[in-house]
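Engineer: So that you have it, the file is run.cif, and it contains mmCIF, C-alpha atoms:
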data_my_file
loop_
_atom_site.group_PDB
_atom_site.id
_atom_site.type_symbol
_atom_site.label_atom_id
_atom_site.label_comp_id
_atom_site.auth_asym_id
_atom_site.auth_seq_id
_atom_site.Cartn_x
_atom_site.Cartn_y
_atom_site.Cartn_z
ATOM 1 C CA MET A 1 13.007 -11.805 -22.398
ATOM 2 C CA TYR A 2 14.298 -9.581 -19.589
ATOM 3 C CA GLN A 3 15.961 -11.073 -16.526
ATOM 4 C CA SER A 4 16.505 -8.067 -14.270
ATOM 5 C CA LEU A 5 15.589 -4.436 -13.789
ATOM 6 C CA SER A 6 17.375 -1.891 -15.966
ATOM 7 C CA GLN A 7 19.587 0.728 -14.339
ATOM 8 C CA ILE A 8 16.909 3.415 -14.748
ATOM 9 C CA GLN A 9 14.286 1.103 -13.216
ATOM 10 C CA LYS A 10 16.592 0.528 -10.243
ATOM 11 C CA GLU A 11 16.817 4.305 -9.811
ATOM 12 C CA LYS A 12 13.000 4.620 -9.967
ATOM 13 C CA PHE A 13 12.697 1.748 -7.466
ATOM 14 C CA LEU A 14 14.919 3.690 -5.037
ATOM 15 C CA GLU A 15 13.052 6.977 -5.646
ATOM 16 C CA VAL A 16 9.735 5.390 -4.648
ATOM 17 C CA SER A 17 10.693 2.776 -2.049
ATOM 18 C CA GLY A 18 13.668 4.435 -0.383
ATOM 19 C CA ILE A 19 15.466 1.096 -0.569
ATOM 20 C CA GLU A 20 18.102 0.188 -3.141
ATOM 21 C CA TYR A 21 17.193 -2.755 -5.369
ATOM 22 C CA VAL A 22 19.673 -5.586 -5.000
ATOM 23 C CA GLY A 23 19.415 -9.214 -5.906
ATOM 24 C CA SER A 24 17.341 -11.008 -8.448
ATOM 25 C CA GLN A 25 13.860 -11.013 -6.934
ATOM 26 C CA LEU A 26 11.289 -10.086 -9.603
ATOM 27 C CA LYS A 27 8.337 -9.466 -7.296
ATOM 28 C CA GLY A 28 7.782 -8.847 -3.638
ATOM 29 C CA ASP A 29 6.720 -6.468 -0.920
ATOM 30 C CA PHE A 30 8.260 -5.016 2.205
ATOM 31 C CA PRO A 31 7.683 -2.230 4.735
ATOM 32 C CA THR A 32 9.696 0.906 4.061
ATOM 33 C CA PRO A 33 10.295 3.760 6.501
ATOM 34 C CA TYR A 34 11.535 5.865 3.554
ATOM 35 C CA PRO A 35 8.633 6.359 1.108
ATOM 36 C CA PHE A 36 9.670 8.539 -1.823
ATOM 37 C CA ASN A 37 13.247 8.106 -0.528
ATOM 38 C CA ASN A 38 12.556 10.755 2.113
ATOM 39 C CA ARG A 39 14.730 9.951 5.115
ATOM 40 C CA GLU A 40 13.232 12.827 7.131
ATOM 41 C CA LEU A 41 9.786 11.242 7.446
ATOM 42 C CA SER A 42 9.149 9.917 10.927
ATOM 43 C CA LEU A 43 5.815 8.251 10.234
ATOM 44 C CA SER A 44 4.971 4.586 10.503
ATOM 45 C CA PRO A 45 6.316 2.437 7.661
ATOM 46 C CA TRP A 46 4.628 2.284 4.283
ATOM 47 C CA LYS A 47 4.239 -0.971 2.362
ATOM 48 C CA PHE A 48 6.047 -1.142 -0.966
ATOM 49 C CA SER A 49 5.114 -3.828 -3.513
ATOM 50 C CA PHE A 50 6.574 -4.497 -6.941
ATOM 51 C CA VAL A 51 6.286 -6.813 -9.935
ATOM 52 C CA PHE A 52 8.763 -7.056 -12.812
ATOM 53 C CA GLU A 53 7.466 -8.686 -15.996
ATOM 54 C CA GLU A 54 10.190 -10.722 -17.656
ATOM 55 C CA GLU A 55 8.290 -10.852 -20.960
ATOM 56 C CA THR A 56 7.922 -7.080 -21.368
ATOM 57 C CA GLY A 57 10.608 -5.624 -19.094
ATOM 58 C CA ASN A 58 7.958 -3.509 -17.349
ATOM 59 C CA LEU A 59 8.236 -2.657 -13.649
ATOM 60 C CA PHE A 60 5.035 -2.096 -11.635
ATOM 61 C CA CYS A 61 5.083 -0.629 -8.117
ATOM 62 C CA GLU A 62 2.668 0.327 -5.369
ATOM 63 C CA LEU A 63 3.296 2.432 -2.281
ATOM 64 C CA MET A 64 0.601 2.071 0.358
ATOM 65 C CA HIS A 65 -0.083 3.362 3.867
ATOM 66 C CA ARG A 66 -3.062 2.640 6.055
ATOM 67 C CA MET A 67 -3.674 6.350 6.666
ATOM 68 C CA THR A 68 -3.694 7.575 3.056
ATOM 69 C CA ASN A 69 -4.451 6.586 -0.531
ATOM 70 C CA ASN A 70 -2.055 4.247 -2.270
ATOM 71 C CA ARG A 71 0.240 5.389 -5.064
ATOM 72 C CA VAL A 72 0.889 3.271 -8.148
ATOM 73 C CA PHE A 73 3.790 3.561 -10.574
ATOM 74 C CA GLY A 74 5.134 1.786 -13.612
ATOM 75 C CA TRP A 75 8.049 2.117 -16.021
ATOM 76 C CA ASP A 76 9.149 0.290 -19.127
ATOM 77 C CA TYR A 77 12.714 -0.984 -19.473
ATOM 78 C CA SER A 78 13.840 2.424 -20.817
ATOM 79 C CA GLY A 79 12.344 4.288 -17.836
ATOM 80 C CA ASN A 80 9.267 5.669 -19.593
ATOM 81 C CA GLU A 81 6.141 5.886 -17.448
ATOM 82 C CA LEU A 82 3.457 3.290 -18.070
ATOM 83 C CA SER A 83 -0.224 4.168 -18.386
ATOM 84 C CA LYS A 84 -2.588 3.699 -15.439
ATOM 85 C CA ASP A 85 -4.417 1.092 -17.551
ATOM 86 C CA LEU A 86 -1.268 -1.031 -17.794
ATOM 87 C CA ILE A 87 -0.430 -0.538 -14.111
ATOM 88 C CA SER A 88 -3.933 -1.621 -13.100
ATOM 89 C CA LYS A 89 -3.047 -5.120 -14.300
ATOM 90 C CA TYR A 90 -1.269 -5.506 -10.933
ATOM 91 C CA PHE A 91 -2.190 -2.527 -8.774
ATOM 92 C CA LYS A 92 -5.387 -0.481 -8.579
ATOM 93 C CA SER A 93 -5.129 3.193 -7.668
ATOM 94 C CA ASP A 94 -7.259 4.581 -4.825
ATOM 95 C CA TYR A 95 -7.633 7.852 -6.735
#
When written as structure tokens, how does the structure in this file appear?

Structural biologist:
Amino acid sequence: MYQSLSQIQKEKFLEVSGIEYVGSQLKGDFPTPYPFNNRELSLSPWKFSFVFEEETGNLFCELMHRMTNNRVFGWDYSGNELSKDLISKYFKSDY
């Protein structure tokens, strides 16, 4: 059983949300003004949501904005990308 994100998952979390992962929260959502860790964007905040499965060590993420399609992401504990089928367990893609 996994109790926290791996180092590579923390890096992926930052790459997508623009916010560094700290703490022990295993799921949540928050507005981020830095989608894709791009500090030059001056648009309204995006919503970032995530779920970490303790049983598998998988991290699932969604980046959403009211003006565009959402983006979904997922990585296993080693940082390998998860399939869209696995990600759809938590987040459905608009594509």

Engineer: Near A:Val16, counting only C-alpha atoms, which residues have an atom at most 8 Å away, once you skip same-chain residues fewer than 5 positions from it, shown as a list in words?

Structural biologist: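 Answer for this query is Pro35, Phe36, Asn37 and Leu63 of chain A.
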
Engineer: For the contact check between stretch 6-30 of chain A and stretch 72-77 of chain A, emit one row per residue of stretch 6-30 of chain A within 8 Å, containing the shortest atom pair and the distance in Å rounded to one decimal, counting all atoms listed in the file, chain then rising number order, as CSV.

Structural biologist:
residue,atom,partner,partner_atom,distance
A:Ser6,CA,A:Tyr77,CA,5.9
A:Ile8,CA,A:Tyr77,CA,7.7
A:Gln9,CA,A:Tyr77,CA,6.8

Engineer: The selected residues should be written to file as a PDB file, keeping the file's coordinate frame (atoms: C-alpha atoms).

Structural biologist:
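The file below, result-v2.pdb, is the result:
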ATOM      1  CA  SER A   6      17.375  -1.891 -15.966  1.00  0.00           C
ATOM      2  CA  ILE A   8      16.909   3.415 -14.748  1.00  0.00           C
ATOM      3  CA  GLN A   9      14.286   1.103 -13.216  1.00  0.00           C
TER       4      GLN A   9
END

Engineer: Excluding A:Leu86 and residues on its chain fewer than 3 positions from it, collect all residues at most 9 Å away from it, counting only C-alpha atoms, and give them as a PyMOL selection string.

Structural biologist: chain A and resi 60+74+82-83+89-90

Engineer: Could you expand the PyMOL selection byres ((chain A and resi 94) around 9) into the explicit residues it covers here, written as a VMD selection string?

Structural biologist: chain A and resid 69 to 72 92 to 93 95

Engineer: Pick the closest to A:Asn58 from A:Leu14, A:Leu26, A:Ile19, A:Leu43: which is it, counting all atoms listed in the file?

Structural biologist: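 That would be A:Leu26, the residue with the smallest distance to A:Asn58.
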
Engineer: For atom CA of A:Asn80 and atom CA of A:Pro33, quote the distance in Å rounded to one decimal.

Structural biologist: 26.2 Å

Engineer: Using all atoms listed in the file, which of A:Gly28, A:Gly57, A:Gly18, A:Pro45 sits nearest A:Ser4?

Structural biologist: A:Gly57

Engineer: With the PyMOL selection byres ((chain A and resi 44) around 12) as the selection, what would be picked from this file? Answer as a list in words, please.

Structural biologist: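 Applied to this file, the PyMOL selection byres ((chain A and resi 44) around 12) selects Pro31, Thr32, Pro33, Tyr34, Pro35, Leu41, Ser42, Leu43, Pro45, Trp46, Lys47, Met64, His65, Arg66, Met67 and Thr68 of chain A.
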
Engineer: So how many Å separate atom CA of A:Ile87 and atom CA of A:Phe50, to one decimal?

Structural biologist: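 About the pair atom CA of A:Ile87 and atom CA of A:Phe50: they are 10.8 Å apart.
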
Engineer: Could you state the separation of atom CA of A:Leu5 and atom CA of A:Ser78 in Å, given to one decimal place?

Structural biologist: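 Value for the atom CA of A:Leu5-atom CA of A:Ser78 distance: 10.0 Å.
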
Engineer: So, with all atoms listed in the file as the atoms that count, which of A:Leu59, A:Asp85, A:Gly79, A:Glu54 lies closest to A:Met1?

Structural biologist: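 Of A:Leu59, A:Asp85, A:Gly79, A:Glu54, the one nearest A:Met1, counting all atoms listed in the file, is A:Glu54.
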
Engineer: Using all atoms listed in the file, which of the listed residues (A:Glu53, A:Glu15, A:Glu81, A:Ser88) sits closest to A:Arg39?

Structural biologist: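 Of A:Glu53, A:Glu15, A:Glu81, A:Ser88, the one nearest A:Arg39 is A:Glu15, counting all atoms listed in the file.
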